[in-house]
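Note sheet for the following structure.
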Amino acid sequence: MRHPVLIITGWIICIPAVYYIDQWRKLRKKLKDITDTQTSRIGSLLSSSRSSGRIVEVKGKLVANPEVLKSPFTESDCVFFHAVEQDKVREVYKRKSDDLTNSSRIYYSTNTDKRSDHTFYLEDSTGRILIDPEGAEVDGEVVLKSIEPTFGEENSSKLDSAFQPCGEKIIAVIKNEQILPPGEQAYVIGELFFGSNGPIIGSSPEKDKTFLISLKDEETLVKSGNRELYQAIAFSIVASVAGIALIILGW
């Protein structure tokens with residue numbers, strides 16, 4: 001072992017490769033579920049035998065149950081919302097190896113993370129079926145995406161941290177909100193259950209089945225998913241080759 005620093009760096013670089021391989025595996029499973037599952041007419045699910053546990057795919061119009069919701073930040077009409085507010089924080093601290101100058105890091109602290117858990121309907125020409133959004137991956141309409149600096153701090157020079165007193169300061173507030181608007185066409189794939197009020201599509205208790213609610217159509221989802229799939233495998237290959245090369249050089 002001639003250069004232990006190179007070996008350690010190589011192992012560190014290999015960590016993203018493991019992450020991207022895991023992402024590739026999850027994306028591949030989701031795309032396989034989407035392409036392999038036939039679209040069902042909602043009426044056929046309403047009249048089917050009471051057998052839970054199978055994955056189903058439906059398309060139709062979003063309908064509130066029973067009333068339209070208001071999103072927290074923009075007060076948009078919706079059947080589902082997910083609103084997140086974060087503080088962008090700069091922490092100034094003393095360097096262990098240098099008592100004369102300070103260093104800094106940026107991190108994000110979540111203040112608000114509100115996600116509606118109300119059921120809603122998906123309706124086609126043959127009927128309507130309940131959707132329980134808990135645990136779903138939701139690809140909705142982004143109605144708010146803002147970064148608000150606090151007193152110009154967000155764009156201040158990082159070099160200033162060397163001369164600032166130690167501590168934490170909020171330099172920006174970030175808000176994101178996405179919704180599923182009533183009346184919009186949506187695509188849903190998830191597990192079919194039968195409850196006291198009839199059939200409902202929701203999340204698998206074991207979390208081993210795809211549960212996606214999207215405003216995009218199936219063709220668009222497959223195309224964008226394939227792009228992400230290729231990117232994930234490309235990043236994993238690059239990280240793996242770079243990490244292994246450094247390990248070999250260091251050894």
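Labels used: A, B, ... for chains in the order of the structure tokens, numbers from 1 for residues in each chain, and numbers from 1 for ligands as shown.
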
Write out as number ranges by chain the set of residues from stretch 4-215 of chain A that DSSP, computed on the backbone, places in strand (DSSP E). A: 55-63, 69-70, 77-78, 80-95, 98-115, 120-124, 127-131, 137-139, 141-149, 167-180, 185-195, 198-202, 212-214

Could you save those same residues with C-alpha atoms as an mmCIF file, in the first residue's frame?
```
data_model
loop_
_atom_site.group_PDB
_atom_site.id
_atom_site.type_symbol
_atom_site.label_atom_id
_atom_site.label_comp_id
_atom_site.auth_asym_id
_atom_site.auth_seq_id
_atom_site.Cartn_x
_atom_site.Cartn_y
_atom_site.Cartn_z
ATOM 1 C CA ILE A 55 -51.146 -3.886 -9.332
ATOM 2 C CA VAL A 56 -53.483 -1.918 -11.618
ATOM 3 C CA GLU A 57 -53.148 1.025 -13.980
ATOM 4 C CA VAL A 58 -55.911 3.567 -14.641
ATOM 5 C CA LYS A 59 -56.264 6.873 -16.478
ATOM 6 C CA GLY A 60 -58.899 9.514 -16.025
ATOM 7 C CA LYS A 61 -60.005 12.842 -14.571
ATOM 8 C CA LEU A 62 -59.173 13.935 -11.010
ATOM 9 C CA VAL A 63 -62.286 14.488 -8.863
ATOM 10 C CA LEU A 69 -58.737 21.385 -1.119
ATOM 11 C CA LYS A 70 -56.737 24.623 -0.868
ATOM 12 C CA ASP A 77 -57.699 24.514 -5.808
ATOM 13 C CA CYS A 78 -56.531 20.900 -5.727
ATOM 14 C CA PHE A 80 -53.726 16.850 -3.434
ATOM 15 C CA PHE A 81 -50.895 19.152 -2.366
ATOM 16 C CA HIS A 82 -47.324 18.858 -1.119
ATOM 17 C CA ALA A 83 -45.799 22.056 0.290
ATOM 18 C CA VAL A 84 -42.257 22.364 1.645
ATOM 19 C CA GLU A 85 -40.531 25.369 3.216
ATOM 20 C CA GLN A 86 -36.796 25.233 4.011
ATOM 21 C CA ASP A 87 -34.255 27.611 5.502
ATOM 22 C CA LYS A 88 -30.930 27.825 3.682
ATOM 23 C CA VAL A 89 -28.458 28.222 6.539
ATOM 24 C CA ARG A 90 -24.802 29.252 6.537
ATOM 25 C CA GLU A 91 -22.826 27.978 9.506
ATOM 26 C CA VAL A 92 -19.510 29.694 10.268
ATOM 27 C CA TYR A 93 -17.096 27.690 12.407
ATOM 28 C CA LYS A 94 -13.460 27.529 13.488
ATOM 29 C CA ARG A 95 -11.117 25.337 11.513
ATOM 30 C CA ASP A 98 -6.293 27.086 11.850
ATOM 31 C CA ASP A 99 -7.378 29.239 14.786
ATOM 32 C CA LEU A 100 -6.934 32.493 12.844
ATOM 33 C CA THR A 101 -9.541 32.068 10.113
ATOM 34 C CA ASN A 102 -13.049 30.646 10.003
ATOM 35 C CA SER A 103 -14.686 28.307 7.531
ATOM 36 C CA SER A 104 -18.333 27.808 6.586
ATOM 37 C CA ARG A 105 -20.833 25.295 5.272
ATOM 38 C CA ILE A 106 -24.328 25.499 3.813
ATOM 39 C CA TYR A 107 -27.153 23.241 4.961
ATOM 40 C CA TYR A 108 -30.927 23.176 4.672
ATOM 41 C CA SER A 109 -33.416 23.006 7.537
ATOM 42 C CA THR A 110 -37.029 22.040 6.831
ATOM 43 C CA ASN A 111 -39.618 24.209 8.577
ATOM 44 C CA THR A 112 -42.767 22.998 6.847
ATOM 45 C CA ASP A 113 -43.528 19.750 5.048
ATOM 46 C CA LYS A 114 -47.268 19.486 4.487
ATOM 47 C CA ARG A 115 -48.674 16.709 2.332
ATOM 48 C CA PHE A 120 -59.844 11.592 -4.100
ATOM 49 C CA TYR A 121 -61.382 9.989 -7.167
ATOM 50 C CA LEU A 122 -60.117 9.157 -10.615
ATOM 51 C CA GLU A 123 -62.940 9.072 -13.130
ATOM 52 C CA ASP A 124 -63.258 7.760 -16.669
ATOM 53 C CA GLY A 127 -66.967 5.049 -13.409
ATOM 54 C CA ARG A 128 -64.828 6.498 -10.634
ATOM 55 C CA ILE A 129 -62.458 4.878 -8.139
ATOM 56 C CA LEU A 130 -60.967 6.111 -4.877
ATOM 57 C CA ILE A 131 -57.251 6.933 -4.721
ATOM 58 C CA GLU A 137 -44.812 9.153 -5.689
ATOM 59 C CA VAL A 138 -46.686 12.204 -6.971
ATOM 60 C CA ASP A 139 -45.694 13.975 -10.168
ATOM 61 C CA GLU A 141 -48.110 20.606 -11.210
ATOM 62 C CA VAL A 142 -45.471 22.845 -9.607
ATOM 63 C CA VAL A 143 -47.296 26.057 -8.621
ATOM 64 C CA LEU A 144 -44.554 27.563 -6.448
ATOM 65 C CA LYS A 145 -40.763 27.352 -6.561
ATOM 66 C CA SER A 146 -39.110 30.336 -4.930
ATOM 67 C CA ILE A 147 -35.868 31.342 -3.203
ATOM 68 C CA GLU A 148 -36.099 34.514 -1.108
ATOM 69 C CA PRO A 149 -32.739 35.857 0.177
ATOM 70 C CA GLY A 167 -22.569 30.904 14.381
ATOM 71 C CA GLU A 168 -25.495 30.162 12.080
ATOM 72 C CA LYS A 169 -27.454 32.559 9.899
ATOM 73 C CA ILE A 170 -30.473 32.007 7.634
ATOM 74 C CA ILE A 171 -29.464 33.346 4.217
ATOM 75 C CA ALA A 172 -32.557 32.376 2.210
ATOM 76 C CA VAL A 173 -36.023 30.838 2.498
ATOM 77 C CA ILE A 174 -36.972 28.236 -0.119
ATOM 78 C CA LYS A 175 -40.591 27.331 -0.869
ATOM 79 C CA ASN A 176 -41.835 24.560 -3.143
ATOM 80 C CA GLU A 177 -45.422 23.513 -3.740
ATOM 81 C CA GLN A 178 -46.964 21.041 -6.138
ATOM 82 C CA ILE A 179 -50.618 20.115 -6.588
ATOM 83 C CA LEU A 180 -52.995 17.834 -8.435
ATOM 84 C CA GLN A 185 -56.267 14.098 -16.610
ATOM 85 C CA ALA A 186 -53.973 11.849 -14.570
ATOM 86 C CA TYR A 187 -52.217 8.499 -14.710
ATOM 87 C CA VAL A 188 -52.258 6.186 -11.670
ATOM 88 C CA ILE A 189 -50.530 2.869 -11.081
ATOM 89 C CA GLY A 190 -50.767 1.191 -7.676
ATOM 90 C CA GLU A 191 -52.139 -1.719 -5.668
ATOM 91 C CA LEU A 192 -55.866 -2.495 -5.700
ATOM 92 C CA PHE A 193 -57.598 -2.962 -2.340
ATOM 93 C CA PHE A 194 -61.198 -3.622 -1.353
ATOM 94 C CA GLY A 195 -62.554 -1.844 1.704
ATOM 95 C CA GLY A 198 -65.484 -0.506 -2.278
ATOM 96 C CA PRO A 199 -62.255 -0.696 -4.291
ATOM 97 C CA ILE A 200 -59.428 1.741 -3.699
ATOM 98 C CA ILE A 201 -55.961 2.153 -5.234
ATOM 99 C CA GLY A 202 -53.149 2.781 -2.766
ATOM 100 C CA LEU A 212 -47.300 6.614 -8.944
ATOM 101 C CA ILE A 213 -49.770 9.439 -9.552
ATOM 102 C CA SER A 214 -48.785 11.682 -12.454
#
```

Give me the residues within 12 Å of A:Leu27 as a list in words, counting only C-alpha atoms and dropping any in the same chain fewer than 2 places off.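 Close residues of A:Leu27: Tyr20, Ile21, Asp22, Gln23, Trp24, Arg25, Lys29, Lys30, Leu31, Lys32, Asp33, Ile34, Thr210, Leu221, Val222, Ser224, Gly225, Asn226, Arg227, Glu228, Leu229, Tyr230, Gln231, Ala232 and Ile233 of chain A.
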
Save out the residues we just selected, N, CA and C atoms, as a PDB file, in the first residue's frame.
```pdb
ATOM      1  N   TYR A  20     -26.031   5.313  -7.390  1.00  0.00           N
ATOM      2  CA  TYR A  20     -26.624   5.352  -8.734  1.00  0.00           C
ATOM      3  C   TYR A  20     -27.064   3.972  -9.207  1.00  0.00           C
ATOM      4  N   ILE A  21     -26.363   2.929  -8.798  1.00  0.00           N
ATOM      5  CA  ILE A  21     -26.800   1.570  -9.133  1.00  0.00           C
ATOM      6  C   ILE A  21     -28.147   1.267  -8.467  1.00  0.00           C
ATOM      7  N   ASP A  22     -28.301   1.709  -7.209  1.00  0.00           N
ATOM      8  CA  ASP A  22     -29.570   1.513  -6.510  1.00  0.00           C
ATOM      9  C   ASP A  22     -30.688   2.306  -7.182  1.00  0.00           C
ATOM     10  N   GLN A  23     -30.374   3.547  -7.611  1.00  0.00           N
ATOM     11  CA  GLN A  23     -31.365   4.350  -8.335  1.00  0.00           C
ATOM     12  C   GLN A  23     -31.755   3.683  -9.646  1.00  0.00           C
ATOM     13  N   TRP A  24     -30.761   3.147 -10.340  1.00  0.00           N
ATOM     14  CA  TRP A  24     -31.024   2.449 -11.600  1.00  0.00           C
ATOM     15  C   TRP A  24     -31.955   1.256 -11.371  1.00  0.00           C
ATOM     16  N   ARG A  25     -31.720   0.501 -10.303  1.00  0.00           N
ATOM     17  CA  ARG A  25     -32.544  -0.666  -9.989  1.00  0.00           C
ATOM     18  C   ARG A  25     -33.990  -0.256  -9.727  1.00  0.00           C
ATOM     19  N   LYS A  29     -37.324  -1.058 -12.180  1.00  0.00           N
ATOM     20  CA  LYS A  29     -38.523  -1.746 -11.683  1.00  0.00           C
ATOM     21  C   LYS A  29     -39.775  -0.920 -11.977  1.00  0.00           C
ATOM     22  N   LYS A  30     -39.691   0.407 -11.746  1.00  0.00           N
ATOM     23  CA  LYS A  30     -40.855   1.259 -11.984  1.00  0.00           C
ATOM     24  C   LYS A  30     -41.246   1.246 -13.464  1.00  0.00           C
ATOM     25  N   LEU A  31     -40.262   1.366 -14.358  1.00  0.00           N
ATOM     26  CA  LEU A  31     -40.554   1.363 -15.789  1.00  0.00           C
ATOM     27  C   LEU A  31     -41.120   0.019 -16.236  1.00  0.00           C
ATOM     28  N   LYS A  32     -40.606  -1.060 -15.654  1.00  0.00           N
ATOM     29  CA  LYS A  32     -41.122  -2.388 -15.998  1.00  0.00           C
ATOM     30  C   LYS A  32     -42.582  -2.514 -15.570  1.00  0.00           C
ATOM     31  N   ASP A  33     -42.918  -2.011 -14.373  1.00  0.00           N
ATOM     32  CA  ASP A  33     -44.301  -2.052 -13.905  1.00  0.00           C
ATOM     33  C   ASP A  33     -45.214  -1.246 -14.834  1.00  0.00           C
ATOM     34  N   ILE A  34     -44.728  -0.057 -15.251  1.00  0.00           N
ATOM     35  CA  ILE A  34     -45.546   0.808 -16.105  1.00  0.00           C
ATOM     36  C   ILE A  34     -45.787   0.165 -17.460  1.00  0.00           C
ATOM     37  N   THR A 210     -44.874  -0.456  -7.319  1.00  0.00           N
ATOM     38  CA  THR A 210     -44.887   0.925  -7.784  1.00  0.00           C
ATOM     39  C   THR A 210     -46.227   1.576  -7.477  1.00  0.00           C
ATOM     40  N   LEU A 221     -43.925   9.433 -19.479  1.00  0.00           N
ATOM     41  CA  LEU A 221     -43.288   8.847 -18.303  1.00  0.00           C
ATOM     42  C   LEU A 221     -42.212   7.840 -18.692  1.00  0.00           C
ATOM     43  N   VAL A 222     -42.485   7.025 -19.692  1.00  0.00           N
ATOM     44  CA  VAL A 222     -41.521   6.014 -20.126  1.00  0.00           C
ATOM     45  C   VAL A 222     -40.301   6.677 -20.758  1.00  0.00           C
ATOM     46  N   SER A 224     -39.081   9.817 -20.277  1.00  0.00           N
ATOM     47  CA  SER A 224     -38.273  10.501 -19.266  1.00  0.00           C
ATOM     48  C   SER A 224     -37.615   9.492 -18.330  1.00  0.00           C
ATOM     49  N   GLY A 225     -38.308   8.387 -18.040  1.00  0.00           N
ATOM     50  CA  GLY A 225     -37.737   7.362 -17.184  1.00  0.00           C
ATOM     51  C   GLY A 225     -36.535   6.689 -17.823  1.00  0.00           C
ATOM     52  N   ASN A 226     -36.605   6.444 -19.132  1.00  0.00           N
ATOM     53  CA  ASN A 226     -35.475   5.833 -19.833  1.00  0.00           C
ATOM     54  C   ASN A 226     -34.262   6.757 -19.830  1.00  0.00           C
ATOM     55  N   ARG A 227     -34.503   8.067 -19.968  1.00  0.00           N
ATOM     56  CA  ARG A 227     -33.384   9.022 -19.906  1.00  0.00           C
ATOM     57  C   ARG A 227     -32.709   8.971 -18.533  1.00  0.00           C
ATOM     58  N   GLU A 228     -33.523   8.958 -17.482  1.00  0.00           N
ATOM     59  CA  GLU A 228     -32.977   8.880 -16.126  1.00  0.00           C
ATOM     60  C   GLU A 228     -32.243   7.562 -15.911  1.00  0.00           C
ATOM     61  N   LEU A 229     -32.752   6.496 -16.526  1.00  0.00           N
ATOM     62  CA  LEU A 229     -32.130   5.180 -16.406  1.00  0.00           C
ATOM     63  C   LEU A 229     -30.727   5.189 -17.010  1.00  0.00           C
ATOM     64  N   TYR A 230     -30.601   5.752 -18.207  1.00  0.00           N
ATOM     65  CA  TYR A 230     -29.300   5.822 -18.865  1.00  0.00           C
ATOM     66  C   TYR A 230     -28.329   6.711 -18.090  1.00  0.00           C
ATOM     67  N   GLN A 231     -28.841   7.821 -17.542  1.00  0.00           N
ATOM     68  CA  GLN A 231     -27.982   8.711 -16.770  1.00  0.00           C
ATOM     69  C   GLN A 231     -27.461   8.012 -15.518  1.00  0.00           C
ATOM     70  N   ALA A 232     -28.353   7.284 -14.829  1.00  0.00           N
ATOM     71  CA  ALA A 232     -27.954   6.610 -13.596  1.00  0.00           C
ATOM     72  C   ALA A 232     -26.872   5.567 -13.856  1.00  0.00           C
ATOM     73  N   ILE A 233     -27.021   4.768 -14.932  1.00  0.00           N
ATOM     74  CA  ILE A 233     -26.017   3.735 -15.216  1.00  0.00           C
ATOM     75  C   ILE A 233     -24.722   4.361 -15.689  1.00  0.00           C
TER      76      ILE A 233
END
```

In Å, with one decimal, what is the gap from atom CA of A:Ile8 to atom CA of A:Ala234? 22.6 Å

Distance of atom CA of A:Glu206 from atom CA of A:Arg41, expressed in Å to one decimal place: 25.9 Å

Atom CA of A:Lys209 and atom CA of A:Asp117 are how many Å apart? 19.3 Å

Mind listing the alpha helix (DSSP H) residues of stretch 33-174 of chain A, per DSSP on the backbone, as a list in words?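 Across stretch 33-174 of chain A, those assigned alpha helix (DSSP H) are Asp33, Ile34, Thr35, Asp36, Ile42, Gly43, Ser44, Leu45 and Leu46 of chain A.
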
Would you mind listing what lies within 12 Å of A:Pro4 as a ChimeraX atom specification, with only C-alpha atoms counted and same-chain residues fewer than 5 positions away left out? /A:9-11,246-251
